[in-house]
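Chemist: The structure file structure-v4.txt (compact mmCIF, C-alpha atoms and all ligand atoms) is provided below.
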```
# COMPACT_ATOMS: atom_id res chain seq x y z
CA MET A 25 3.66 -43.66 -126.73
CA MET A 26 7.00 -42.10 -125.84
CA ALA A 27 9.69 -44.14 -124.17
CA LEU A 28 13.35 -43.65 -123.36
CA ARG A 29 14.77 -46.60 -121.50
CA THR A 30 17.53 -46.50 -118.90
CA ARG A 31 18.39 -48.56 -115.82
CA LEU A 32 16.07 -46.20 -113.91
CA THR A 33 13.04 -46.90 -116.09
CA GLU A 34 13.69 -50.63 -115.74
CA ARG A 35 14.01 -50.48 -111.95
CA LEU A 36 10.96 -48.27 -111.43
CA GLY A 37 8.80 -49.82 -114.14
CA ILE A 38 8.32 -46.48 -115.90
CA ARG A 39 8.70 -45.36 -119.55
CA VAL A 40 10.79 -42.20 -119.31
CA PRO A 41 13.62 -41.41 -116.87
CA ILE A 42 12.02 -38.35 -115.28
CA LEU A 43 10.94 -37.86 -111.66
CA SER A 44 9.18 -34.77 -110.35
CA ALA A 45 10.55 -33.27 -107.14
CA PRO A 46 8.43 -33.51 -103.97
CA MET A 47 8.23 -29.73 -103.64
CA GLY A 48 6.78 -28.52 -100.38
CA VAL A 49 3.18 -27.36 -100.68
CA THR A 50 3.02 -27.32 -104.49
CA ALA A 51 3.79 -30.89 -105.60
CA GLY A 52 0.47 -32.50 -104.75
CA GLY A 53 -1.32 -35.54 -106.10
CA ARG A 54 -2.40 -33.81 -109.30
CA MET A 55 1.15 -32.99 -110.38
CA ALA A 56 2.53 -36.36 -109.26
CA SER A 57 -0.12 -38.37 -111.10
CA ALA A 58 0.31 -36.24 -114.23
CA VAL A 59 4.05 -37.01 -114.25
CA THR A 60 3.36 -40.71 -113.78
CA GLU A 61 0.69 -40.70 -116.52
CA ALA A 62 3.23 -38.99 -118.83
CA GLY A 63 5.58 -41.95 -118.31
CA GLY A 64 7.78 -40.80 -115.42
CA LEU A 65 7.32 -41.03 -111.65
CA GLY A 66 5.67 -38.26 -109.65
CA LEU A 67 6.64 -37.66 -106.04
CA ILE A 68 4.16 -36.13 -103.60
CA ALA A 69 5.61 -33.67 -101.08
CA GLY A 70 5.25 -34.73 -97.44
CA LEU A 71 4.99 -31.09 -96.39
CA GLY A 72 1.67 -29.27 -96.61
CA PRO A 73 0.83 -25.56 -96.43
CA ALA A 74 0.11 -25.54 -92.70
CA GLY A 75 3.61 -26.81 -91.83
CA ILE A 76 5.06 -30.19 -91.01
CA ALA A 77 3.09 -30.59 -87.77
CA ASN A 78 -0.17 -30.48 -89.74
CA SER A 79 0.90 -32.44 -92.78
CA ALA A 80 -1.02 -35.67 -92.10
CA PRO A 81 -4.32 -34.45 -93.66
CA TRP A 82 -2.34 -33.02 -96.58
CA ILE A 83 -0.73 -36.42 -97.26
CA GLU A 84 -4.15 -38.10 -97.20
CA ALA A 85 -5.69 -35.49 -99.51
CA GLN A 86 -2.83 -35.60 -102.00
CA TYR A 87 -2.75 -39.40 -102.25
CA ALA A 88 -6.52 -39.24 -102.81
CA ALA A 89 -5.94 -36.64 -105.56
CA ALA A 90 -3.39 -38.95 -107.20
CA GLY A 91 -6.12 -41.60 -107.55
CA ASN A 92 -4.82 -44.93 -108.76
CA SER A 93 -1.58 -43.56 -110.24
CA ARG A 94 1.65 -45.19 -109.08
CA VAL A 95 3.44 -42.38 -107.27
CA GLY A 96 6.13 -41.88 -104.66
CA GLY A 97 6.67 -39.29 -101.99
CA GLY A 98 9.35 -37.24 -100.32
CA PHE A 99 10.24 -35.49 -97.11
CA ILE A 100 12.59 -32.78 -95.91
CA THR A 101 14.48 -35.01 -93.51
CA TRP A 102 15.24 -32.53 -90.72
CA MET A 103 11.55 -31.58 -90.62
CA LEU A 104 10.44 -35.23 -90.63
CA ALA A 105 12.63 -35.74 -87.55
CA SER A 106 10.21 -33.49 -85.60
CA GLN A 107 7.14 -35.47 -86.78
CA PRO A 108 8.43 -38.98 -87.60
CA ASP A 109 4.97 -40.62 -87.65
CA LEU A 110 4.30 -38.81 -90.95
CA LEU A 111 6.53 -41.35 -92.65
CA ASP A 112 4.10 -44.12 -91.65
CA ARG A 113 1.20 -42.05 -92.97
CA MET A 114 2.94 -41.93 -96.32
CA LEU A 115 4.02 -45.58 -96.26
CA ASP A 116 0.36 -46.56 -95.66
CA HIS A 117 -0.21 -45.47 -99.28
CA ALA A 118 2.42 -47.90 -100.61
CA PRO A 119 4.57 -45.31 -102.41
CA VAL A 120 6.86 -46.70 -105.11
CA ALA A 121 9.75 -44.74 -103.59
CA VAL A 122 10.41 -42.29 -100.77
CA MET A 123 12.91 -39.49 -101.27
CA LEU A 124 14.65 -37.98 -98.23
CA SER A 125 16.53 -34.70 -98.59
CA PHE A 126 18.42 -32.32 -96.31
CA GLY A 127 19.45 -34.13 -93.15
CA ASP A 128 20.31 -37.57 -91.83
CA ALA A 129 18.26 -40.26 -93.61
CA ALA A 130 19.63 -43.12 -91.47
CA PRO A 131 16.86 -43.12 -88.80
CA PHE A 132 14.16 -43.45 -91.49
CA ALA A 133 15.84 -45.79 -93.99
CA PRO A 134 14.83 -49.11 -92.31
CA ALA A 135 11.10 -48.23 -92.28
CA VAL A 136 11.16 -47.24 -95.97
CA LYS A 137 12.86 -50.49 -96.91
CA ARG A 138 10.62 -52.64 -94.69
CA ALA A 139 7.61 -51.16 -96.47
CA GLY A 140 9.05 -52.28 -99.82
CA ALA A 141 9.57 -48.75 -101.15
CA LEU A 142 12.80 -47.72 -102.85
CA LEU A 143 14.91 -45.31 -100.77
CA ILE A 144 16.00 -42.20 -102.66
CA CYS A 145 18.44 -39.81 -100.98
CA GLN A 146 19.07 -36.35 -102.41
CA VAL A 147 22.67 -35.20 -101.81
CA GLN A 148 24.64 -32.03 -102.49
CA SER A 149 28.25 -33.23 -102.08
CA MET A 150 30.45 -36.32 -102.13
CA ARG A 151 30.35 -36.40 -98.32
CA TYR A 152 26.57 -36.68 -98.39
CA ALA A 153 26.70 -39.20 -101.26
CA ARG A 154 28.86 -41.52 -99.11
CA GLN A 155 26.43 -41.07 -96.17
CA ALA A 156 23.52 -41.99 -98.46
CA LEU A 157 25.31 -45.19 -99.49
CA ASP A 158 25.97 -46.02 -95.84
CA CYS A 159 22.26 -45.87 -95.08
CA GLY A 160 21.40 -48.13 -98.02
CA ALA A 161 20.05 -45.69 -100.63
CA ASP A 162 18.71 -47.49 -103.71
CA ILE A 163 18.88 -44.27 -105.71
CA ILE A 164 20.99 -41.16 -105.16
CA VAL A 165 19.87 -37.78 -106.48
CA ALA A 166 22.93 -35.56 -107.02
CA GLN A 167 21.66 -32.00 -106.66
CA GLY A 168 23.79 -29.14 -107.95
CA GLY A 169 23.61 -25.60 -106.62
CA GLU A 170 21.74 -24.41 -109.73
CA ALA A 171 18.63 -26.11 -108.34
CA GLY A 172 15.53 -24.24 -107.31
CA GLY A 173 14.44 -24.43 -103.70
CA HIS A 174 16.81 -25.51 -100.97
CA GLY A 175 20.30 -26.82 -101.57
CA THR A 176 23.86 -25.72 -101.06
CA THR A 177 26.42 -23.64 -102.91
CA GLU A 178 29.00 -26.40 -102.55
CA ARG A 179 28.78 -28.07 -105.94
CA ALA A 180 27.40 -27.64 -109.46
CA THR A 181 25.44 -30.34 -111.29
CA PHE A 182 27.98 -30.61 -114.13
CA THR A 183 30.79 -31.95 -111.92
CA LEU A 184 28.85 -33.51 -109.05
CA VAL A 185 26.94 -35.96 -111.26
CA PRO A 186 29.96 -37.60 -112.96
CA GLU A 187 31.88 -37.69 -109.68
CA VAL A 188 29.03 -39.49 -107.93
CA ALA A 189 28.71 -41.76 -111.01
CA ASP A 190 32.38 -42.74 -110.60
CA LEU A 191 31.88 -43.38 -106.87
CA LEU A 192 28.88 -45.63 -107.56
CA ALA A 193 30.67 -47.51 -110.36
CA LYS A 194 33.52 -48.30 -107.98
CA THR A 195 31.70 -48.98 -104.73
CA SER A 196 28.01 -49.67 -105.36
CA PRO A 197 27.20 -50.39 -109.01
CA ASP A 198 23.58 -51.36 -108.32
CA THR A 199 22.76 -47.96 -106.81
CA LEU A 200 21.14 -45.75 -109.43
CA LEU A 201 21.95 -42.09 -110.00
CA ILE A 202 19.63 -39.21 -110.80
CA ALA A 203 20.77 -35.69 -111.68
CA ALA A 204 18.97 -32.61 -110.32
CA GLY A 205 19.52 -28.90 -110.63
CA GLY A 206 19.17 -26.89 -113.81
CA ILE A 207 17.35 -29.50 -115.90
CA GLY A 208 14.31 -28.16 -117.71
CA ASP A 209 14.60 -29.24 -121.33
CA GLY A 210 15.83 -32.01 -123.61
CA ARG A 211 19.38 -30.67 -123.58
CA GLY A 212 19.49 -31.00 -119.81
CA LEU A 213 18.20 -34.58 -119.84
CA ALA A 214 20.59 -35.64 -122.64
CA ALA A 215 23.53 -33.99 -120.86
CA ALA A 216 22.63 -35.67 -117.56
CA LEU A 217 22.59 -39.10 -119.23
CA MET A 218 25.96 -38.31 -120.86
CA LEU A 219 27.35 -37.38 -117.45
CA GLY A 220 26.49 -40.83 -116.13
CA ALA A 221 23.04 -40.31 -114.61
CA ASP A 222 20.29 -42.90 -115.09
CA GLY A 223 17.65 -40.17 -115.11
CA VAL A 224 16.70 -36.72 -113.86
CA LEU A 225 14.67 -35.15 -111.07
CA ILE A 226 12.97 -31.94 -112.17
CA GLY A 227 11.64 -29.31 -109.79
CA SER A 228 11.31 -25.78 -111.13
CA ARG A 229 9.97 -26.75 -114.57
CA PHE A 230 7.14 -28.79 -113.01
CA TRP A 231 6.55 -26.12 -110.35
CA THR A 232 5.46 -23.83 -113.22
CA SER A 233 3.22 -26.52 -114.77
CA ALA A 234 -0.55 -26.28 -115.00
CA GLU A 235 -0.89 -29.09 -112.42
CA SER A 236 1.32 -27.36 -109.82
CA LEU A 237 -0.46 -25.97 -106.78
CA ALA A 238 1.60 -22.77 -106.99
CA ALA A 239 -0.58 -19.71 -107.67
CA THR A 240 -0.72 -18.41 -111.23
CA ASP A 241 0.69 -14.96 -110.36
CA VAL A 242 3.81 -16.38 -108.74
CA LYS A 243 4.37 -18.83 -111.61
CA ARG A 244 4.11 -15.97 -114.12
CA HIS A 245 6.57 -13.94 -112.10
CA ALA A 246 9.12 -16.76 -112.22
CA LEU A 247 8.48 -17.55 -115.90
CA ALA A 248 9.27 -13.94 -116.80
CA ALA A 249 12.70 -14.09 -115.12
CA ASP A 250 15.99 -15.08 -116.71
CA GLY A 251 18.64 -17.32 -115.17
CA ASP A 252 20.61 -14.38 -113.75
CA ALA A 253 17.65 -13.41 -111.65
CA THR A 254 18.11 -16.01 -108.89
CA ILE A 255 20.32 -16.10 -105.83
CA ARG A 256 21.12 -18.74 -103.19
CA THR A 257 20.53 -17.18 -99.79
CA ASN A 258 19.21 -17.70 -96.24
CA VAL A 259 17.32 -14.40 -96.37
CA GLY A 260 13.97 -15.90 -97.38
CA ASP A 261 13.97 -18.41 -94.51
CA ILE A 262 14.97 -15.80 -91.95
CA ALA A 263 12.30 -13.36 -93.15
CA ASN A 264 9.71 -16.14 -93.24
CA ASN A 265 10.74 -17.46 -89.80
CA SER A 266 11.50 -20.91 -91.20
CA PRO A 267 14.15 -22.68 -89.08
CA TRP A 268 16.19 -24.22 -91.91
CA PRO A 269 19.77 -25.22 -90.99
CA THR A 270 21.88 -22.35 -92.41
CA GLU A 271 23.93 -24.79 -94.51
CA PHE A 272 20.88 -25.16 -96.77
CA THR A 273 20.13 -21.96 -98.62
CA GLY A 274 17.08 -21.33 -100.79
CA ARG A 275 17.52 -20.42 -104.46
CA ILE A 276 15.00 -17.60 -104.88
CA LEU A 277 14.39 -14.69 -107.22
CA ARG A 278 16.50 -11.61 -106.48
CA ASN A 279 14.31 -8.72 -105.38
CA ASP A 280 14.17 -5.88 -102.86
CA LEU A 281 14.23 -8.40 -100.00
CA THR A 282 17.48 -10.04 -101.16
CA ASP A 283 19.06 -6.72 -102.28
CA ARG A 284 18.51 -5.31 -98.83
CA TRP A 285 19.37 -8.29 -96.62
CA HIS A 286 21.64 -10.76 -98.44
CA GLY A 287 25.00 -10.48 -96.63
CA LYS A 288 23.28 -8.80 -93.68
CA GLU A 289 21.51 -11.89 -92.33
CA ASP A 290 22.37 -11.14 -88.69
CA ALA A 291 20.73 -7.73 -88.97
CA LEU A 292 17.60 -9.32 -90.46
CA ARG A 293 17.52 -11.86 -87.62
CA ALA A 294 17.92 -9.01 -85.13
CA GLU A 295 14.78 -7.37 -86.51
CA GLY A 296 12.81 -10.25 -85.03
CA GLU A 297 9.04 -9.84 -85.05
CA ALA A 298 9.16 -6.56 -87.02
CA GLY A 299 10.83 -8.30 -89.97
CA ARG A 300 8.42 -11.21 -89.79
CA ASP A 301 5.43 -8.83 -89.68
CA ARG A 302 6.75 -7.14 -92.81
CA TYR A 303 6.99 -10.53 -94.52
CA ARG A 304 3.46 -11.49 -93.54
CA ALA A 305 2.17 -8.15 -94.85
CA ALA A 306 3.96 -8.69 -98.18
CA LEU A 307 2.42 -12.14 -98.38
CA LYS A 308 -1.07 -10.67 -97.99
CA LEU A 309 -0.39 -8.07 -100.67
CA ARG A 310 1.39 -10.61 -102.90
CA ASP A 311 4.23 -8.13 -103.14
CA PHE A 312 6.83 -10.19 -104.98
CA ARG A 313 9.49 -7.53 -104.35
CA GLN A 314 9.49 -8.60 -100.72
CA LEU A 315 8.75 -12.33 -100.92
CA ALA A 316 10.96 -15.39 -101.37
CA VAL A 317 10.00 -17.03 -104.68
CA HIS A 318 11.80 -20.37 -104.94
CA VAL A 319 12.91 -21.20 -108.46
CA GLY A 320 16.17 -22.37 -110.03
CA GLU A 321 18.53 -20.98 -112.64
CA VAL A 322 16.45 -22.93 -115.15
CA ALA A 323 14.02 -19.98 -114.92
CA GLY A 324 15.89 -18.65 -117.96
CA LEU A 325 14.93 -21.72 -120.02
CA MET A 326 11.16 -21.57 -119.59
CA THR A 327 8.53 -19.08 -120.60
CA ASP A 328 5.10 -20.72 -120.49
CA GLU A 329 2.88 -22.45 -118.00
CA LEU A 330 2.30 -25.82 -119.71
CA PRO A 331 0.60 -29.07 -118.79
CA VAL A 332 2.96 -31.70 -117.39
CA SER A 333 2.27 -33.98 -120.40
CA ARG A 334 3.58 -31.32 -122.85
CA ILE A 335 6.65 -30.64 -120.70
CA VAL A 336 7.56 -34.33 -120.53
CA GLU A 337 6.85 -34.97 -124.24
CA THR A 338 9.02 -32.04 -125.31
CA ILE A 339 11.89 -32.96 -123.01
CA ILE A 340 11.88 -36.60 -124.15
CA GLY A 341 11.45 -35.76 -127.85
CA ASP A 342 14.30 -33.24 -127.80
CA ALA A 343 16.60 -35.44 -125.70
CA GLU A 344 16.05 -38.39 -128.06
CA LYS A 345 16.98 -36.28 -131.08
CA LEU A 346 20.14 -35.06 -129.38
CA LEU A 347 21.15 -38.51 -128.20
CA LEU A 348 20.52 -40.06 -131.61
CA ARG A 349 22.34 -37.53 -133.72
CA GLY A 350 25.04 -36.68 -131.19
CA ALA A 351 24.63 -33.52 -129.19
CA TRP A 352 27.83 -32.11 -130.73
CA GLN A 353 26.50 -31.93 -134.30
CA ARG A 354 24.89 -28.61 -134.98
CA ALA A 355 21.71 -28.75 -137.05
C1 LIG A 401 9.58 -24.37 -105.44
C2 LIG A 401 10.49 -25.48 -105.02
C3 LIG A 401 10.25 -26.16 -103.82
C4 LIG A 401 11.07 -27.23 -103.45
N1 LIG A 401 10.76 -27.91 -102.31
C5 LIG A 401 11.44 -29.05 -102.01
C6 LIG A 401 11.03 -29.87 -100.92
O1 LIG A 401 10.07 -29.56 -100.22
N2 LIG A 401 11.71 -31.02 -100.69
C7 LIG A 401 12.77 -31.39 -101.47
O2 LIG A 401 13.34 -32.45 -101.25
N3 LIG A 401 13.20 -30.61 -102.49
C8 LIG A 401 12.56 -29.47 -102.79
N4 LIG A 401 12.97 -28.70 -103.86
C9 LIG A 401 14.22 -29.05 -104.57
C10 LIG A 401 14.03 -30.22 -105.54
O3 LIG A 401 14.03 -31.44 -104.83
C11 LIG A 401 15.12 -30.31 -106.62
O4 LIG A 401 16.37 -30.56 -106.06
C12 LIG A 401 15.26 -29.09 -107.51
O5 LIG A 401 14.03 -28.53 -107.83
C13 LIG A 401 16.00 -29.48 -108.79
O6 LIG A 401 16.41 -28.34 -109.50
P1 LIG A 401 15.50 -27.56 -110.57
O7 LIG A 401 14.60 -26.73 -109.76
O8 LIG A 401 16.50 -26.79 -111.35
O9 LIG A 401 14.78 -28.59 -111.39
C14 LIG A 401 12.18 -27.62 -104.26
C15 LIG A 401 12.39 -26.95 -105.45
C16 LIG A 401 11.58 -25.90 -105.85
C17 LIG A 401 11.84 -25.20 -107.16
```
Have the structure of the file written as structure tokens, please.

Modeler:
Amino acid sequence: MMALRTRLTERLGIRVPILSAPMGVTAGGRMASAVTEAGGLGLIAGLGPAGIANSAPWIEAQYAAAGNSRVGGGFITWMLASQPDLLDRMLDHAPVAVMLSFGDAAPFAPAVKRAGALLICQVQSMRYARQALDCGADIIVAQGGEAGGHGTTERATFTLVPEVADLLAKTSPDTLLIAAGGIGDGRGLAAALMLGADGVLIGSRFWTSAESLAATDVKRHALAADGDATIRTNVGDIANNSPWPTEFTGRILRNDLTDRWHGKEDALRAEGEAGRDRYRAALKLRDFRQLAVHVGEVAGLMTDELPVSRIVETIIGDAEKLLLRGAWQRA
């Protein structure tokens, strides 16, 4: 049985320092339990396909799908603020940890802690890292702009992780650090540990896994892309009528939609219902030239839809080899 021990594995009682991201509508109980069974910790997304207002049945169904696996969960914080009782629905399932991303975690931190779950805050900058410490985060996820899904263009993983590691060493040595953004293979995990992280949070690579609830055609589309093919933009959210704060852009595949509207966001907003109708029509036709497909730069490092267990085994096996022989020695 594979194991790679760090402070994170000790604290969470897991075998390998890998968490799966609580990705809205695709990271359900099946993916989360598969990550846990492979030795890491799976996080169930608090957001279901019918939107945050209707996520309670989704949370119930996904915890049921996870069975007896020890899993955690996660919310998009600014969305949770509009439906705060969802946090209690999740806490009823005794998650190992709750991850809060994108917005002020302070109003929710006490309930997470009272329930005995670890509080994980995902941050994109030093400013947000300090805020996370102020609200008592047990674990900080430092997310670089390479990441798939929402994030910011402010910082890259390679400098954000060691800078947050230095901050924690000086001011809060018991707070653990996880790197996110661009990690999809053993090189990424080994590099993250070298940069001072205690583990990694992986989104895109698991989003393409066999256990992901993403449809096969969209996974294939992303798997065929290289790392140049993504862009961080608000265009997808505007077209899809999703009220994300503009600070948080989505990393999506470049296509006709982004070619036409990136840089012309006000004009897309001005289209109003006509633009949204076009988006809904593209969704029906599964016209990926016109749809926002969220995936990170790591798209260029993956080619196959694989079961979670294979993904985790390969990442751990390769990272161990690199860490043992020294990543700098060429084979
Ligand atoms: C398809 C997709 C959906 C995502 N949805 C969420 C989400 O709902 N909540 C969240 O906190 N993070 C979400 N993320 C971001 C992840 O938490 C994480 O930061 C990111 O996936 C890490 O970078 P990577 O994709 O290169 O592994 C999403 C990422 C992807 C690829």

Chemist: Please, which residues have at least one atom within 9 Å of an atom of ligand LIG 401 (chain A), using all atoms listed in the file, listed as a CSV table (one decimal) with C-alpha atoms, in the frame of the given file?

Modeler:
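Generated file (result.csv):
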```csv
chain,number,residue,atom,x,y,z
A,44,SER,CA,9.2,-34.8,-110.4
A,45,ALA,CA,10.6,-33.3,-107.1
A,46,PRO,CA,8.4,-33.5,-104.0
A,47,MET,CA,8.2,-29.7,-103.6
A,48,GLY,CA,6.8,-28.5,-100.4
A,49,VAL,CA,3.2,-27.4,-100.7
A,50,THR,CA,3.0,-27.3,-104.5
A,51,ALA,CA,3.8,-30.9,-105.6
A,69,ALA,CA,5.6,-33.7,-101.1
A,70,GLY,CA,5.2,-34.7,-97.4
A,71,LEU,CA,5.0,-31.1,-96.4
A,98,GLY,CA,9.4,-37.2,-100.3
A,99,PHE,CA,10.2,-35.5,-97.1
A,100,ILE,CA,12.6,-32.8,-95.9
A,101,THR,CA,14.5,-35.0,-93.5
A,123,MET,CA,12.9,-39.5,-101.3
A,124,LEU,CA,14.6,-38.0,-98.2
A,125,SER,CA,16.5,-34.7,-98.6
A,126,PHE,CA,18.4,-32.3,-96.3
A,145,CYS,CA,18.4,-39.8,-101.0
A,146,GLN,CA,19.1,-36.4,-102.4
A,147,VAL,CA,22.7,-35.2,-101.8
A,165,VAL,CA,19.9,-37.8,-106.5
A,166,ALA,CA,22.9,-35.6,-107.0
A,167,GLN,CA,21.7,-32.0,-106.7
A,168,GLY,CA,23.8,-29.1,-108.0
A,169,GLY,CA,23.6,-25.6,-106.6
A,170,GLU,CA,21.7,-24.4,-109.7
A,171,ALA,CA,18.6,-26.1,-108.3
A,172,GLY,CA,15.5,-24.2,-107.3
A,173,GLY,CA,14.4,-24.4,-103.7
A,174,HIS,CA,16.8,-25.5,-101.0
A,175,GLY,CA,20.3,-26.8,-101.6
A,203,ALA,CA,20.8,-35.7,-111.7
A,204,ALA,CA,19.0,-32.6,-110.3
A,205,GLY,CA,19.5,-28.9,-110.6
A,206,GLY,CA,19.2,-26.9,-113.8
A,207,ILE,CA,17.4,-29.5,-115.9
A,208,GLY,CA,14.3,-28.2,-117.7
A,224,VAL,CA,16.7,-36.7,-113.9
A,225,LEU,CA,14.7,-35.2,-111.1
A,226,ILE,CA,13.0,-31.9,-112.2
A,227,GLY,CA,11.6,-29.3,-109.8
A,228,SER,CA,11.3,-25.8,-111.1
A,229,ARG,CA,10.0,-26.8,-114.6
A,230,PHE,CA,7.1,-28.8,-113.0
A,231,TRP,CA,6.6,-26.1,-110.4
A,232,THR,CA,5.5,-23.8,-113.2
A,238,ALA,CA,1.6,-22.8,-107.0
A,274,GLY,CA,17.1,-21.3,-100.8
A,275,ARG,CA,17.5,-20.4,-104.5
A,276,ILE,CA,15.0,-17.6,-104.9
A,317,VAL,CA,10.0,-17.0,-104.7
A,318,HIS,CA,11.8,-20.4,-104.9
A,319,VAL,CA,12.9,-21.2,-108.5
A,320,GLY,CA,16.2,-22.4,-110.0
A,321,GLU,CA,18.5,-21.0,-112.6
A,322,VAL,CA,16.4,-22.9,-115.2
A,323,ALA,CA,14.0,-20.0,-114.9
```

Chemist: Leaving out Glu297 in chain A and any residue of its chain fewer than 4 positions from it, which residues lie within 12 Å of it when counting only C-alpha atoms, given as a list in words?

Modeler: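 The neighbour list is Ile262, Ala263, Asn264, Asn265, Leu292, Arg293, Asp301, Arg302, Tyr303 and Arg304 of chain A.
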
Chemist: Hey, what's within 6 Å of Leu43 in chain A if we count all atoms listed in the file and toss same-chain stuff fewer than 2 positions away? As a list of chain:residue names, please?

Modeler: A:Gly64, A:Leu65, A:Gly66, A:Leu225

Chemist: Please write the residues from the selection above to a file, keeping C-alpha atoms, as a PDB file, in the coordinates of the input.

Modeler:
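Everything below was put into again_22.pdb:
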```pdb
ATOM      1  CA  GLY A  64       7.780 -40.800-115.420  1.00  0.00           C
ATOM      2  CA  LEU A  65       7.320 -41.030-111.650  1.00  0.00           C
ATOM      3  CA  GLY A  66       5.670 -38.260-109.650  1.00  0.00           C
ATOM      4  CA  LEU A 225      14.670 -35.150-111.070  1.00  0.00           C
TER       5      LEU A 225
END
```

Chemist: From the options A:Leu325, A:Asn258, A:Ala239, A:Ala343, which residue's atoms come nearest to Arg310 in chain A, counting all atoms listed in the file?

Modeler: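 Checking each candidate against Arg310 in chain A, we get A:Ala239 as the closest.
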
Chemist: Considering only C-alpha atoms, can you say which of A:Ala90, A:Leu281, A:Leu110, A:Ala58 comes closest to Gly72 in chain A?

Modeler: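 With only C-alpha atoms as the atom set, the closest residue is A:Leu110.
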
Chemist: Please compute the CA of Val136 in chain A-CA of His117 in chain A distance, one decimal, in Å.

Modeler: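 About the pair CA of Val136 in chain A and CA of His117 in chain A: they are 12.0 Å apart.
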
Chemist: Counting all atoms listed in the file, figure out which residue out of A:Arg278, A:Lys345, A:Arg138, A:His286 gets nearest to Phe312 in chain A.

Modeler: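 Closest to Phe312 in chain A of all the choices is A:Arg278.
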
Chemist: Rounded to one decimal, what separation in Å do you get between CA of Ala291 in chain A and CA of Asp252 in chain A?

Modeler: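 Computing it gives 25.7 Å between the two atoms.
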
Chemist: Of the candidates A:Ile164, A:Ile83, A:Ala234, A:Ala105, which one gets nearest to Val332 in chain A if we count only C-alpha atoms?

Modeler: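 With only C-alpha atoms as the atom set, the closest residue is A:Ala234.
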
Chemist: Every residue with an atom at most 6 Å from (0.9, -42.6, -108.3) (file coordinates; all atoms listed in the file) is what I'm after, so could you write them as number ranges by chain?

Modeler: A: 57, 90, 93-95

Chemist: Do you know which residues are at most 10 Å from Ala215 in chain A counting all atoms listed in the file, after dropping those on the same chain fewer than 5 positions away, and could you put them as a list in words?

Modeler: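 Answer for this query is Phe182, Ala203, Ile207, Gly210, Gly220, Ala221, Ala343, Leu346, Leu347 and Ala351 of chain A.
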
Chemist: Would you work out the distance separating CA of Leu111 in chain A from CA of Phe132 in chain A, expressed in Å to one decimal?

Modeler: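 For CA of Leu111 in chain A relative to CA of Phe132 in chain A, the distance reads 8.0 Å.
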
Chemist: N, CA, C and O atoms are needed for range 315-324 of chain A; please write them out as an mmCIF file, keeping the file's coordinate frame.

Modeler:
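Contents of the output file rebuild.cif:
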```cif
data_model
loop_
_atom_site.group_PDB
_atom_site.id
_atom_site.type_symbol
_atom_site.label_atom_id
_atom_site.label_comp_id
_atom_site.auth_asym_id
_atom_site.auth_seq_id
_atom_site.Cartn_x
_atom_site.Cartn_y
_atom_site.Cartn_z
ATOM 1 N N LEU A 315 9.016 -10.931 -101.260
ATOM 2 C CA LEU A 315 8.750 -12.330 -100.920
ATOM 3 C C LEU A 315 9.823 -13.260 -101.505
ATOM 4 O O LEU A 315 10.441 -12.934 -102.521
ATOM 5 N N ALA A 316 10.020 -14.396 -100.854
ATOM 6 C CA ALA A 316 10.960 -15.390 -101.370
ATOM 7 C C ALA A 316 10.225 -16.285 -102.369
ATOM 8 O O ALA A 316 9.325 -17.037 -101.989
ATOM 9 N N VAL A 317 10.595 -16.185 -103.630
ATOM 10 C CA VAL A 317 10.000 -17.030 -104.680
ATOM 11 C C VAL A 317 11.053 -18.071 -105.075
ATOM 12 O O VAL A 317 12.076 -17.737 -105.674
ATOM 13 N N HIS A 318 10.806 -19.320 -104.704
ATOM 14 C CA HIS A 318 11.800 -20.370 -104.940
ATOM 15 C C HIS A 318 11.735 -20.865 -106.372
ATOM 16 O O HIS A 318 10.739 -21.454 -106.793
ATOM 17 N N VAL A 319 12.817 -20.664 -107.093
ATOM 18 C CA VAL A 319 12.910 -21.200 -108.460
ATOM 19 C C VAL A 319 14.402 -21.251 -108.811
ATOM 20 O O VAL A 319 15.201 -20.474 -108.274
ATOM 21 N N GLY A 320 14.757 -22.181 -109.718
ATOM 22 C CA GLY A 320 16.170 -22.370 -110.030
ATOM 23 C C GLY A 320 16.651 -21.545 -111.203
ATOM 24 O O GLY A 320 15.887 -20.792 -111.825
ATOM 25 N N GLU A 321 17.941 -21.711 -111.509
ATOM 26 C CA GLU A 321 18.530 -20.980 -112.640
ATOM 27 C C GLU A 321 17.842 -21.345 -113.953
ATOM 28 O O GLU A 321 17.901 -20.595 -114.926
ATOM 29 N N VAL A 322 17.176 -22.477 -113.959
ATOM 30 C CA VAL A 322 16.450 -22.930 -115.150
ATOM 31 C C VAL A 322 15.302 -21.971 -115.497
ATOM 32 O O VAL A 322 14.712 -22.063 -116.578
ATOM 33 N N ALA A 323 15.021 -21.018 -114.620
ATOM 34 C CA ALA A 323 14.020 -19.980 -114.920
ATOM 35 C C ALA A 323 14.276 -19.373 -116.307
ATOM 36 O O ALA A 323 13.333 -19.033 -117.028
ATOM 37 N N GLY A 324 15.547 -19.263 -116.668
ATOM 38 C CA GLY A 324 15.890 -18.650 -117.960
ATOM 39 C C GLY A 324 15.609 -19.539 -119.154
ATOM 40 O O GLY A 324 15.778 -19.111 -120.303
#
```
